[in-house]
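Asker: Below is the file data-v9.txt, with compact mmCIF, C-alpha atoms and all ligand atoms.
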```
# COMPACT_ATOMS: atom_id res chain seq x y z
CA MET A 53 -230.11 -67.88 191.13
CA THR A 54 -227.54 -68.57 188.47
CA ILE A 55 -227.90 -71.23 185.84
CA ALA A 56 -224.80 -73.36 185.56
CA GLY A 57 -223.21 -74.48 182.31
CA LYS A 58 -221.19 -73.04 179.53
CA ILE A 59 -222.72 -70.48 177.20
CA PRO A 60 -221.14 -70.94 173.81
CA PHE A 61 -220.74 -67.97 171.52
CA LEU A 62 -222.78 -69.74 168.86
CA ASP A 63 -224.67 -73.00 169.02
CA LEU A 64 -225.54 -74.38 165.61
CA VAL A 65 -225.76 -77.96 166.85
CA THR A 66 -228.90 -77.49 168.95
CA LEU A 67 -230.50 -75.41 166.22
CA HIS A 68 -229.93 -78.10 163.60
CA ALA A 69 -231.02 -80.88 165.97
CA GLU A 70 -234.35 -79.07 166.27
CA LEU A 71 -234.62 -78.74 162.51
CA GLU A 72 -233.39 -82.25 161.77
CA ALA A 73 -236.68 -83.87 160.78
CA GLU A 74 -237.58 -81.00 158.47
CA LEU A 75 -234.12 -80.84 156.92
CA VAL A 76 -233.97 -84.59 156.33
CA SER A 77 -237.28 -84.51 154.51
CA VAL A 78 -236.04 -81.64 152.32
CA PHE A 79 -232.80 -83.52 151.59
CA ARG A 80 -234.81 -86.62 150.66
CA SER A 81 -236.81 -84.72 148.09
CA ALA A 82 -233.64 -83.02 146.81
CA LEU A 83 -232.05 -86.44 146.37
CA LYS A 84 -234.98 -87.55 144.25
CA THR A 85 -234.41 -84.84 141.64
CA CYS A 86 -230.69 -84.19 142.25
CA ALA A 87 -231.31 -80.58 141.23
CA PHE A 88 -228.56 -79.49 143.62
CA ILE A 89 -227.57 -76.47 141.57
CA GLY A 90 -230.41 -74.39 140.18
CA GLY A 91 -233.78 -76.06 139.62
CA PRO A 92 -237.20 -75.75 141.21
CA MET A 93 -236.08 -75.74 144.85
CA LEU A 94 -233.73 -72.83 144.26
CA GLU A 95 -236.40 -71.01 142.28
CA GLU A 96 -238.89 -71.46 145.11
CA PHE A 97 -236.34 -70.11 147.57
CA GLU A 98 -235.60 -67.15 145.28
CA ARG A 99 -239.31 -66.27 145.18
CA ASP A 100 -239.70 -66.58 148.94
CA PHE A 101 -236.56 -64.64 149.75
CA ALA A 102 -237.44 -61.84 147.30
CA ALA A 103 -240.82 -61.58 149.03
CA LEU A 104 -239.18 -61.47 152.47
CA CYS A 105 -236.90 -58.64 151.32
CA GLU A 106 -239.73 -56.89 149.48
CA ALA A 107 -237.57 -56.93 146.38
CA GLU A 108 -238.79 -57.88 142.94
CA TYR A 109 -235.99 -60.28 142.11
CA CYS A 110 -233.68 -62.61 143.96
CA VAL A 111 -230.88 -64.66 142.39
CA GLY A 112 -229.27 -67.42 144.45
CA VAL A 113 -225.47 -67.70 144.22
CA GLY A 114 -222.68 -69.63 145.93
CA SER A 115 -221.83 -67.27 148.81
CA GLY A 116 -222.21 -63.74 150.12
CA THR A 117 -218.87 -62.88 148.56
CA ASP A 118 -220.07 -64.07 145.15
CA ALA A 119 -223.31 -62.15 145.65
CA LEU A 120 -221.42 -58.91 146.23
CA ARG A 121 -218.94 -59.51 143.42
CA PHE A 122 -221.69 -60.38 140.91
CA ALA A 123 -223.88 -57.46 141.98
CA LEU A 124 -221.01 -55.02 141.49
CA ILE A 125 -220.17 -56.43 138.06
CA ALA A 126 -223.82 -56.60 136.99
CA ALA A 127 -224.39 -53.01 138.13
CA GLY A 128 -221.58 -51.87 135.84
CA VAL A 129 -218.55 -51.50 138.12
CA LYS A 130 -215.48 -51.84 135.89
CA PRO A 131 -211.96 -53.10 136.56
CA GLY A 132 -209.92 -50.14 137.79
CA ASP A 133 -212.85 -48.37 139.44
CA THR A 134 -212.80 -47.41 143.10
CA VAL A 135 -215.62 -48.65 145.32
CA ILE A 136 -216.13 -47.01 148.71
CA THR A 137 -216.97 -49.02 151.79
CA VAL A 138 -216.19 -48.92 155.52
CA PRO A 139 -213.20 -50.25 157.48
CA ASN A 140 -215.22 -52.10 160.09
CA THR A 141 -216.81 -54.95 158.23
CA PHE A 142 -215.93 -58.54 157.49
CA ILE A 143 -213.03 -58.58 155.03
CA ALA A 144 -215.20 -60.39 152.45
CA THR A 145 -216.67 -56.97 151.62
CA THR A 146 -213.35 -55.76 150.22
CA GLU A 147 -212.45 -59.19 148.83
CA ALA A 148 -215.55 -59.05 146.65
CA ILE A 149 -214.70 -55.52 145.49
CA THR A 150 -211.20 -56.69 144.58
CA GLN A 151 -212.55 -59.78 142.82
CA ALA A 152 -214.73 -57.50 140.71
CA GLY A 153 -211.49 -55.89 139.54
CA ALA A 154 -212.08 -52.66 141.46
CA ALA A 155 -210.08 -51.11 144.30
CA PRO A 156 -211.72 -50.61 147.69
CA ASP A 157 -211.38 -47.36 149.59
CA PHE A 158 -212.78 -46.40 152.96
CA VAL A 159 -214.78 -43.72 154.68
CA ASP A 160 -215.26 -43.71 158.43
CA ILE A 161 -218.33 -44.87 160.29
CA ASP A 162 -220.99 -43.17 162.35
CA GLU A 163 -220.22 -44.04 165.95
CA ARG A 164 -223.88 -44.38 166.81
CA THR A 165 -224.79 -46.92 164.10
CA TYR A 166 -221.35 -48.43 163.36
CA ASN A 167 -222.28 -47.94 159.71
CA MET A 168 -221.17 -45.71 156.84
CA ASP A 169 -221.42 -42.05 157.77
CA GLY A 170 -222.92 -39.89 155.02
CA ALA A 171 -221.01 -36.83 156.22
CA ARG A 172 -217.71 -38.69 155.82
CA LEU A 173 -218.71 -39.91 152.39
CA GLU A 174 -219.45 -36.36 151.30
CA GLU A 175 -216.20 -35.17 152.78
CA TYR A 176 -214.31 -37.90 150.90
CA LEU A 177 -215.92 -36.94 147.61
CA HIS A 178 -215.39 -33.23 148.07
CA THR A 179 -211.87 -33.22 149.48
CA ARG A 180 -210.24 -36.26 147.91
CA CYS A 181 -211.98 -36.44 144.55
CA ARG A 182 -212.77 -34.13 141.73
CA ARG A 183 -215.26 -34.32 138.94
CA ASP A 184 -213.77 -35.21 135.57
CA PRO A 185 -215.29 -32.56 133.28
CA SER A 186 -215.23 -34.84 130.23
CA THR A 187 -216.88 -37.94 131.73
CA GLY A 188 -218.68 -36.41 134.70
CA GLN A 189 -217.20 -39.16 136.87
CA TRP A 190 -215.70 -38.54 140.31
CA LEU A 191 -211.98 -39.27 140.23
CA ASN A 192 -209.85 -39.94 143.28
CA GLN A 193 -207.18 -37.26 142.91
CA LYS A 194 -204.39 -39.45 144.22
CA THR A 195 -205.07 -42.67 142.32
CA ARG A 196 -206.92 -41.05 139.39
CA ARG A 197 -209.35 -43.95 139.51
CA PRO A 198 -213.05 -43.20 138.98
CA VAL A 199 -215.18 -43.65 142.09
CA THR A 200 -218.25 -45.43 140.75
CA ALA A 201 -219.98 -47.21 143.61
CA ILE A 202 -220.52 -47.36 147.35
CA VAL A 203 -221.09 -50.46 149.46
CA PRO A 204 -222.80 -49.56 152.74
CA VAL A 205 -222.73 -52.55 155.10
CA HIS A 206 -225.72 -53.14 157.39
CA LEU A 207 -223.41 -54.33 160.13
CA TYR A 208 -224.63 -56.53 162.98
CA GLY A 209 -228.09 -56.51 161.43
CA GLN A 210 -228.56 -52.76 161.75
CA PRO A 211 -229.28 -50.88 158.52
CA ALA A 212 -227.07 -47.98 157.51
CA ASN A 213 -228.64 -44.54 157.15
CA MET A 214 -229.75 -45.20 153.60
CA ASP A 215 -231.72 -41.97 153.05
CA ARG A 216 -228.58 -39.88 153.40
CA LEU A 217 -226.36 -42.31 151.50
CA GLN A 218 -228.81 -42.67 148.61
CA GLU A 219 -229.12 -38.90 148.38
CA ILE A 220 -225.35 -38.44 148.13
CA ALA A 221 -225.11 -41.33 145.68
CA GLU A 222 -227.74 -39.76 143.44
CA GLN A 223 -225.99 -36.40 143.50
CA HIS A 224 -222.67 -38.00 142.58
CA ASP A 225 -223.86 -40.70 140.17
CA LEU A 226 -222.70 -43.53 142.37
CA ILE A 227 -224.07 -47.05 142.27
CA VAL A 228 -225.31 -48.28 145.67
CA ILE A 229 -224.90 -51.97 146.47
CA GLU A 230 -225.99 -52.93 149.99
CA ASP A 231 -223.89 -55.49 151.81
CA ALA A 232 -226.80 -57.03 153.71
CA CYS A 233 -224.87 -60.20 154.57
CA GLN A 234 -225.65 -59.62 158.26
CA ALA A 235 -229.07 -58.07 157.85
CA HIS A 236 -231.63 -60.59 156.54
CA GLY A 237 -235.08 -59.13 157.04
CA ALA A 238 -233.78 -55.96 158.73
CA GLU A 239 -236.04 -52.92 158.37
CA TYR A 240 -235.25 -49.26 157.90
CA PHE A 241 -237.68 -46.38 158.13
CA SER A 242 -237.08 -44.18 155.12
CA GLN A 243 -238.02 -40.56 155.84
CA ARG A 244 -237.60 -39.81 152.17
CA GLU A 245 -240.19 -42.34 151.17
CA ASN A 246 -242.12 -42.21 154.42
CA CYS A 247 -242.26 -45.98 154.73
CA TRP A 248 -240.38 -48.98 156.05
CA ARG A 249 -237.95 -50.59 153.66
CA ARG A 250 -236.18 -53.92 153.93
CA ALA A 251 -232.43 -54.39 153.75
CA GLY A 252 -231.44 -55.45 150.26
CA ALA A 253 -234.25 -53.62 148.48
CA MET A 254 -233.06 -50.03 148.81
CA GLY A 255 -229.89 -49.79 146.69
CA ARG A 256 -229.45 -50.96 143.09
CA ALA A 257 -228.96 -54.41 144.61
CA GLY A 258 -228.56 -56.06 147.98
CA THR A 259 -226.30 -58.97 148.78
CA PHE A 260 -226.83 -61.74 151.33
CA SER A 261 -224.78 -64.56 152.81
CA PHE A 262 -226.28 -67.80 154.07
CA TYR A 263 -223.03 -68.95 155.65
CA PRO A 264 -224.05 -71.26 158.54
CA GLY A 265 -223.40 -68.72 161.30
CA LYS A 266 -225.32 -65.87 159.64
CA ASN A 267 -228.80 -64.66 160.58
CA LEU A 268 -230.19 -67.14 158.08
CA GLY A 269 -227.68 -69.94 157.68
CA ALA A 270 -227.55 -72.72 155.13
CA CYS A 271 -226.14 -76.22 155.64
CA GLY A 272 -223.06 -75.13 153.72
CA GLU A 273 -222.21 -72.01 151.78
CA ALA A 274 -224.76 -69.94 149.89
CA GLY A 275 -225.68 -66.39 149.06
CA ALA A 276 -228.17 -64.28 147.12
CA VAL A 277 -228.54 -61.00 145.27
CA THR A 278 -231.80 -59.07 145.62
CA THR A 279 -232.81 -56.21 143.35
CA ASN A 280 -235.71 -54.37 141.78
CA ASP A 281 -233.70 -54.00 138.60
CA ARG A 282 -234.71 -56.68 136.13
CA GLU A 283 -231.66 -56.24 133.89
CA LEU A 284 -229.30 -56.47 136.86
CA ALA A 285 -231.00 -59.70 137.98
CA ARG A 286 -230.60 -61.07 134.46
CA ARG A 287 -226.91 -60.21 134.43
CA VAL A 288 -226.32 -61.85 137.80
CA ARG A 289 -228.00 -64.97 136.44
CA VAL A 290 -225.62 -64.88 133.47
CA VAL A 291 -222.45 -64.57 135.54
CA ARG A 292 -223.33 -67.03 138.32
CA VAL A 293 -224.16 -70.87 136.95
CA TYR A 294 -221.83 -71.65 133.75
CA HIS A 295 -220.27 -75.04 133.86
CA LEU A 296 -219.79 -75.07 130.09
CA TYR A 297 -219.98 -71.98 127.89
CA VAL A 298 -221.65 -73.20 124.76
CA ILE A 299 -222.26 -71.15 121.64
CA ARG A 300 -224.16 -72.16 118.53
CA VAL A 301 -222.88 -71.47 115.02
CA LYS A 302 -223.96 -72.86 111.69
CA ASN A 303 -220.57 -73.86 110.31
CA ARG A 304 -219.33 -75.16 113.60
CA ASP A 305 -216.49 -77.38 112.36
CA ARG A 306 -214.81 -74.55 110.46
CA VAL A 307 -215.11 -72.16 113.40
CA GLN A 308 -213.62 -74.82 115.64
CA GLU A 309 -210.77 -75.31 113.19
CA TYR A 310 -210.07 -71.57 113.09
CA LEU A 311 -209.99 -71.40 116.89
CA ALA A 312 -207.62 -74.40 116.97
CA GLN A 313 -205.29 -72.61 114.53
CA SER A 314 -205.36 -69.63 116.90
CA ASP A 315 -204.35 -71.92 119.79
CA ILE A 316 -207.74 -71.86 121.46
CA GLY A 317 -209.05 -75.18 122.71
CA THR A 318 -212.71 -76.07 122.29
CA GLN A 319 -214.86 -79.14 122.69
CA ILE A 320 -218.27 -80.34 121.70
CA HIS A 321 -220.78 -81.35 124.36
CA TYR A 322 -221.96 -83.61 122.87
CA PRO A 323 -221.27 -84.56 119.27
CA ILE A 324 -223.48 -87.63 118.99
CA PRO A 325 -226.99 -87.53 120.45
CA LEU A 326 -227.53 -90.52 122.69
CA HIS A 327 -230.26 -92.13 120.57
CA LEU A 328 -227.67 -92.49 117.80
CA GLN A 329 -225.02 -94.05 120.06
CA GLU A 330 -224.33 -97.72 119.70
CA ALA A 331 -224.90 -98.23 123.42
CA HIS A 332 -228.55 -97.32 122.90
CA ALA A 333 -229.06 -99.13 119.62
CA ASP A 334 -231.46 -101.50 121.39
CA LEU A 335 -233.95 -98.66 121.75
CA GLY A 336 -234.42 -98.84 118.00
CA TYR A 337 -234.12 -95.15 117.17
CA ALA A 338 -232.73 -93.86 113.91
CA LYS A 339 -231.47 -90.60 112.48
CA GLY A 340 -234.33 -88.12 112.21
CA ASP A 341 -236.20 -89.31 115.29
CA PHE A 342 -235.06 -86.37 117.43
CA PRO A 343 -234.38 -83.70 114.81
CA ILE A 344 -233.81 -80.78 117.15
CA ALA A 345 -231.23 -82.60 119.27
CA GLU A 346 -229.55 -83.79 116.09
CA ARG A 347 -229.40 -80.32 114.56
CA VAL A 348 -228.11 -78.72 117.74
CA ALA A 349 -225.41 -81.37 118.04
CA THR A 350 -223.93 -80.17 114.74
CA GLU A 351 -223.93 -76.49 115.73
CA ILE A 352 -222.80 -76.34 119.36
CA LEU A 353 -219.28 -75.44 120.40
CA SER A 354 -217.95 -75.23 123.97
CA LEU A 355 -215.53 -72.36 124.52
CA PRO A 356 -212.90 -72.43 127.28
CA ILE A 357 -214.30 -71.68 130.74
CA TYR A 358 -212.62 -72.40 134.05
CA PRO A 359 -211.52 -70.59 137.21
CA GLY A 360 -208.37 -68.67 136.36
CA LEU A 361 -209.28 -67.91 132.73
CA ASN A 362 -208.33 -64.26 132.91
CA ALA A 363 -210.05 -61.28 131.33
CA ASP A 364 -207.43 -60.96 128.57
CA GLN A 365 -207.81 -64.61 127.64
CA GLN A 366 -211.59 -64.26 127.63
CA ARG A 367 -211.34 -61.25 125.36
CA ARG A 368 -209.04 -63.17 123.01
CA VAL A 369 -211.52 -66.03 122.78
CA VAL A 370 -214.42 -63.69 122.05
CA GLN A 371 -212.39 -61.72 119.52
CA THR A 372 -211.21 -64.83 117.73
CA VAL A 373 -214.70 -66.27 117.48
CA LEU A 374 -216.01 -62.99 116.09
CA GLU A 375 -213.26 -62.63 113.52
CA SER A 376 -213.43 -66.26 112.43
CA PRO A 377 -213.87 -65.96 108.66
CA ALA A 378 -216.10 -69.00 108.69
CA ILE A 379 -218.55 -67.70 111.22
CA LEU A 380 -222.14 -67.60 110.21
CA ARG A 381 -224.05 -66.65 113.29
CA LEU A 382 -227.42 -68.32 113.62
CA SER A 383 -229.12 -65.01 114.27
CA ALA A 384 -227.96 -63.79 110.87
CA ALA A 385 -228.97 -67.00 109.14
C1 LIG B 1 -220.34 -62.99 155.82
C2 LIG B 1 -220.19 -61.70 155.19
C3 LIG B 1 -219.82 -61.57 153.84
C4 LIG B 1 -219.44 -62.73 152.96
O1 LIG B 1 -220.34 -63.81 152.97
P1 LIG B 1 -219.79 -65.29 152.64
O2 LIG B 1 -221.06 -66.08 152.43
O3 LIG B 1 -219.02 -65.74 153.83
O4 LIG B 1 -218.98 -65.22 151.40
C5 LIG B 1 -219.74 -60.31 153.29
N1 LIG B 1 -220.00 -59.22 154.02
C6 LIG B 1 -220.34 -59.28 155.32
C7 LIG B 1 -220.63 -58.04 156.06
C8 LIG B 1 -220.44 -60.52 155.95
O5 LIG B 1 -220.75 -60.60 157.25
```
Using the file provided, produce a representation of the structure as structure tokens.
Answerer:
Amino acid sequence: MTIAGKIPFLDLVTLHAELEAELVSVFRSALKTCAFIGGPMLEEFERDFAALCEAEYCVGVGSGTDALRFALIAAGVKPGDTVITVPNTFIATTEAITQAGAAPDFVDIDERTYNMDGARLEEYLHTRCRRDPSTGQWLNQKTRRPVTAIVPVHLYGQPANMDRLQEIAEQHDLIVIEDACQAHGAEYFSQRENCWRRAGAMGRAGTFSFYPGKNLGACGEAGAVTTNDRELARRVRVVRVYHLYVIRVKNRDRVQEYLAQSDIGTQIHYPIPLHLQEAHADLGYAKGDFPIAERVATEILSLPIYPGLNADQQRRVVQTVLESPAILRLSAA
């Protein structure tokens, strides 16, 4: 007997209809706090997802692409580096490598697993690269770029042969970032460690996408970085959330003036604490009632931050702040 009817490639509508009641209740509680970015709900998810991946840390980000880009940057991949991945993956893998300022390069896959083949990686390193005697780094002979990281992709939910890849990476000082965007919860039996390991917890970091059609889909775009490296997790947290980039300096007005003379725009968010604003005069507060907020308001300075602020401009801002003759950093005070 055959069952009539169309079989769609993917059916998110039925899935979400089944989850509707649960999702609506979650949305209701989210609406109460409006902690849409960051906040306790994200932190709860980060804890749960880290536990699922058997990783110590998880940092939620905007997409799988962001997760991969941030993980590469946080792990120390530098603009101009080469990062090795495979040609059969979603193009976001190489987009993220490019966004991190690095250049992607490819090694072929193992036909049995569809994933990065350790033998090909070794061949690439030994025939197309040479070790720079002064830095110890592996340089691609043609481009002269240092090869600093590999991104094995656990394609279709099947983990790459991580034992072999990790071994080669260790021998060649390469950073391993797993693209686990299709492999939430996938398990790999490590012969080296004689135990099962979860995707995302084997390399320096693992990266996940919660794009709606993925193994674990969000109602929108989302992603996460998992890692056992505390410093890497901290760095990912630094590069993901800023809306405003605020520094604190004692002689704020003079630093601001110096930046203005150097053609660098700044603002203050916010110069007058609300209890001292006329609009709230009816609350009856006076100067001195909230001393910390008042002190901070005289020392904060928002530096330029927006998409498109390039690395040279960022460097110029940092340099100018540091060389400002008026600067008296709080830490030194
Ligand atoms: C989906 C996917 C990404 C990117 O994730 P987004 O959330 O869409 O940015 C990266 N790598 C692989 C292998 C993917 O399948």
Asker: In Å, with one decimal, what is the gap from CA of Ala102 in chain A to CA of Thr278 in chain A?
Answerer: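 Answer for the CA of Ala102 in chain A to CA of Thr278 in chain A separation: 6.5 Å.
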Asker: For range 225-229 of chain A, find every residue with an atom within 6 Å (counting all atoms listed in the file), except residues of its own chain fewer than 4 positions away, and show them as a list in words.
Answerer: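 Everything that qualifies: Thr200, Ala201, Ile202, Val203, Ala221, Gly255, Arg256, Ala257 and Gly258 of chain A.
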Asker: Can I get the selected residues back with C-alpha atoms, as a PDB file, in the coordinates of the input?
Answerer:
```pdb
ATOM      1  CA  THR A 200    -218.250 -45.430 140.750  1.00  0.00           C
ATOM      2  CA  ALA A 201    -219.980 -47.210 143.610  1.00  0.00           C
ATOM      3  CA  ILE A 202    -220.520 -47.360 147.350  1.00  0.00           C
ATOM      4  CA  VAL A 203    -221.090 -50.460 149.460  1.00  0.00           C
ATOM      5  CA  ALA A 221    -225.110 -41.330 145.680  1.00  0.00           C
ATOM      6  CA  GLY A 255    -229.890 -49.790 146.690  1.00  0.00           C
ATOM      7  CA  ARG A 256    -229.450 -50.960 143.090  1.00  0.00           C
ATOM      8  CA  ALA A 257    -228.960 -54.410 144.610  1.00  0.00           C
ATOM      9  CA  GLY A 258    -228.560 -56.060 147.980  1.00  0.00           C
TER      10      GLY A 258
END
```
Asker: Tell me, as a PDB file with C-alpha atoms, in the frame of the given file, which residues lie within 8 Å of range 119-132 of chain A, counting only C-alpha atoms; anything in the same chain fewer than 3 positions away does not count.
Answerer:
```pdb
ATOM      1  CA  VAL A 113    -225.470 -67.700 144.220  1.00  0.00           C
ATOM      2  CA  GLY A 114    -222.680 -69.630 145.930  1.00  0.00           C
ATOM      3  CA  SER A 115    -221.830 -67.270 148.810  1.00  0.00           C
ATOM      4  CA  GLY A 116    -222.210 -63.740 150.120  1.00  0.00           C
ATOM      5  CA  THR A 145    -216.670 -56.970 151.620  1.00  0.00           C
ATOM      6  CA  ALA A 148    -215.550 -59.050 146.650  1.00  0.00           C
ATOM      7  CA  ILE A 149    -214.700 -55.520 145.490  1.00  0.00           C
ATOM      8  CA  GLN A 151    -212.550 -59.780 142.820  1.00  0.00           C
ATOM      9  CA  ALA A 152    -214.730 -57.500 140.710  1.00  0.00           C
ATOM     10  CA  GLY A 153    -211.490 -55.890 139.540  1.00  0.00           C
ATOM     11  CA  ALA A 154    -212.080 -52.660 141.460  1.00  0.00           C
ATOM     12  CA  ALA A 155    -210.080 -51.110 144.300  1.00  0.00           C
ATOM     13  CA  ARG A 197    -209.350 -43.950 139.510  1.00  0.00           C
ATOM     14  CA  PRO A 198    -213.050 -43.200 138.980  1.00  0.00           C
ATOM     15  CA  THR A 200    -218.250 -45.430 140.750  1.00  0.00           C
ATOM     16  CA  ALA A 201    -219.980 -47.210 143.610  1.00  0.00           C
ATOM     17  CA  ILE A 227    -224.070 -47.050 142.270  1.00  0.00           C
ATOM     18  CA  ILE A 229    -224.900 -51.970 146.470  1.00  0.00           C
ATOM     19  CA  ASP A 231    -223.890 -55.490 151.810  1.00  0.00           C
ATOM     20  CA  ARG A 256    -229.450 -50.960 143.090  1.00  0.00           C
ATOM     21  CA  ALA A 257    -228.960 -54.410 144.610  1.00  0.00           C
ATOM     22  CA  GLY A 258    -228.560 -56.060 147.980  1.00  0.00           C
ATOM     23  CA  THR A 259    -226.300 -58.970 148.780  1.00  0.00           C
ATOM     24  CA  PHE A 260    -226.830 -61.740 151.330  1.00  0.00           C
ATOM     25  CA  SER A 261    -224.780 -64.560 152.810  1.00  0.00           C
ATOM     26  CA  GLY A 275    -225.680 -66.390 149.060  1.00  0.00           C
ATOM     27  CA  ALA A 276    -228.170 -64.280 147.120  1.00  0.00           C
ATOM     28  CA  VAL A 277    -228.540 -61.000 145.270  1.00  0.00           C
ATOM     29  CA  LEU A 284    -229.300 -56.470 136.860  1.00  0.00           C
ATOM     30  CA  ALA A 285    -231.000 -59.700 137.980  1.00  0.00           C
ATOM     31  CA  ARG A 287    -226.910 -60.210 134.430  1.00  0.00           C
ATOM     32  CA  VAL A 288    -226.320 -61.850 137.800  1.00  0.00           C
ATOM     33  CA  VAL A 291    -222.450 -64.570 135.540  1.00  0.00           C
ATOM     34  CA  ARG A 292    -223.330 -67.030 138.320  1.00  0.00           C
TER      35      ARG A 292
END
```
Asker: Given the choices A:Met254, A:Ala235, A:Leu328, A:Thr134, which gets closest to Leu191 in chain A if the distance is worked out from all atoms listed in the file?
Answerer: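 The closest residue to Leu191 in chain A is A:Thr134.
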Asker: Using Å and a single decimal, report how far atom C7 of ligand LIG 1 (chain B) sits from CA of Thr141 in chain A.
Answerer: 5.4 Å
Asker: If we count only C-alpha atoms and set the cut-off at 7 Å, which residues sit around Val205 in chain A, ignoring sequence neighbours fewer than 5 positions away in its own chain? Please answer as a list in words.
Answerer: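 Within the cut-off, the hits are Asn167, Ala212, Glu230, Asp231 and Ala232 of chain A.
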Asker: Go ahead and compute the interatomic distance for CA of Pro323 in chain A and CA of Val293 in chain A, in Å to one decimal.
Answerer: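 Between CA of Pro323 in chain A and CA of Val293 in chain A the gap is 22.5 Å.
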Asker: Counting all atoms listed in the file, figure out which residue out of A:Gln193, A:Gln365, A:Asn267, A:Asn246 gets nearest to ligand LIG 1 (chain B).
Answerer: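 The shortest atom-to-atom distance to ligand LIG 1 (chain B) comes from A:Asn267.
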Asker: For Leu71 in chain A, which residue among A:Gly336, A:Ala270, A:Leu296, A:Val369 is the nearest when counting all atoms listed in the file?
Answerer: A:Ala270
Asker: With all atoms listed in the file as the atoms that count, which of A:Arg250, A:Lys266, A:His327, A:Arg99 lies nearest to Gly112 in chain A?
Answerer: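 Nearest to Gly112 in chain A: A:Arg99.
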Asker: Pick out the residues sitting within 7 Å of Asn192 in chain A, and hand them over as a ChimeraX atom specification; count only C-alpha atoms, and ignore anything fewer than 3 positions along from it in its own chain.
Answerer: /A:180-182,195-199
Asker: When distances are computed from all atoms listed in the file, which of A:Arg304, A:His206, A:Lys339, A:Arg367 shows the smallest separation from ligand LIG 1 (chain B)?
Answerer: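 Once distances to ligand LIG 1 (chain B) are computed over all atoms listed in the file, the minimum belongs to A:His206.
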Asker: Looking at A:Gly360, A:Pro377, A:Gly269, A:Pro325, which one is nearest to Arg306 in chain A, with distances taken over all atoms listed in the file?
Answerer: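 Closest to Arg306 in chain A, using all atoms listed in the file: A:Pro377.
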Asker: Considering all atoms listed in the file, return as a list in words whatever protein or nucleic-acid residues lie within 9 Å of Gln210 in chain A, sequence-local ones (same chain, fewer than 6 positions apart) excluded.
Answerer: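 Contacts, with the query itself left out: Thr165, Tyr166, Asn167, Gln234, Ala235, Ala238, Glu239 and Tyr240 of chain A.
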